[in-house]
Amino acid sequence: MREITLTDMERLGAFDEAERTFQMTEEAFRSFYELTARPVRVYLARMTGDDRLADDLLQETYYRFLRARVSFENDDHRRNYLFRIATNLVNDHRRRPFMEVPATAIAEVPDTIAAAQAADRAARRLDLHRAMKHLKPRERSMLWLAYAQGWSHEEIASAIGVKTGSLKAMLHRARQRLMKALTTGARS
């Protein structure tokens, strides 16, 4: 008597669609999630500027990741694919019309050196946030992955879907545009 194969089981209807597409064990997914959820969440929050939207997109990112019928060469490939899904979701969201959420006001701080330094950091952060809004979504993604996440050029190129040679020039132009926006005092 021959052994029953996966093809036989599928023909018999023993597995539903969800079971066939899930390529990771629960434990493997849990480990992967623990390693990647925070960086992806921070990335989404930075790209959208909205914590609640970032939470929604994070959930959708992992949902789509689990439903993808992709075999991965290694963990880096899996992580890059996850960030690509997140980037695509942000881009899809940006294509839809939405209302601008006003920036939060900086609270009054007492006149102390520490408070002045905190206000200066907040102002620089706000300036950076405003300058980043003037960049294209792809430029923001590249800069964030390179400088906030510390990714290599190869990893970024894979995540956003460009060639490594092209990425170097694109990253250079994005840095130049950011510097220009910061020096001209981009206000919006």
# chains A, B, ... in the order shown; residues from 1 in each chain; ligands from 1
call {"tool": "residues_around", "arguments": {"residues": "Thr87 (chain A)", "least_positions_apart": "4", "cutoff": "12 Å", "atoms": "only C-alpha atoms", "output": "VMD selection string"}}
result
chain A and resid 40 to 41 43 to 48 54 57 to 58 60 to 61 80 to 83 91 to 94 137 to 142 144 to 145 156 158 to 161
call {"tool": "closest_residue", "arguments": {"among": "A:Met170, A:Met24, A:His134, A:Gln59", "to": "Phe72 (chain A)", "atoms": "only C-alpha atoms"}}
result
A:Met24
call {"tool": "closest_residue", "arguments": {"among": "A:Val42, A:Glu154, A:Tyr33, A:Met132", "to": "Lys180 (chain A)", "atoms": "only C-alpha atoms"}}
result
A:Met132
call {"tool": "select_by_dssp", "arguments": {"residues": "region 26-157 of chain A", "states": "helix (DSSP H, G or I)", "output": "PyMOL selection string"}}
result
chain A and resi 26-48+51-67+75-95+113-133+137-148+153-157
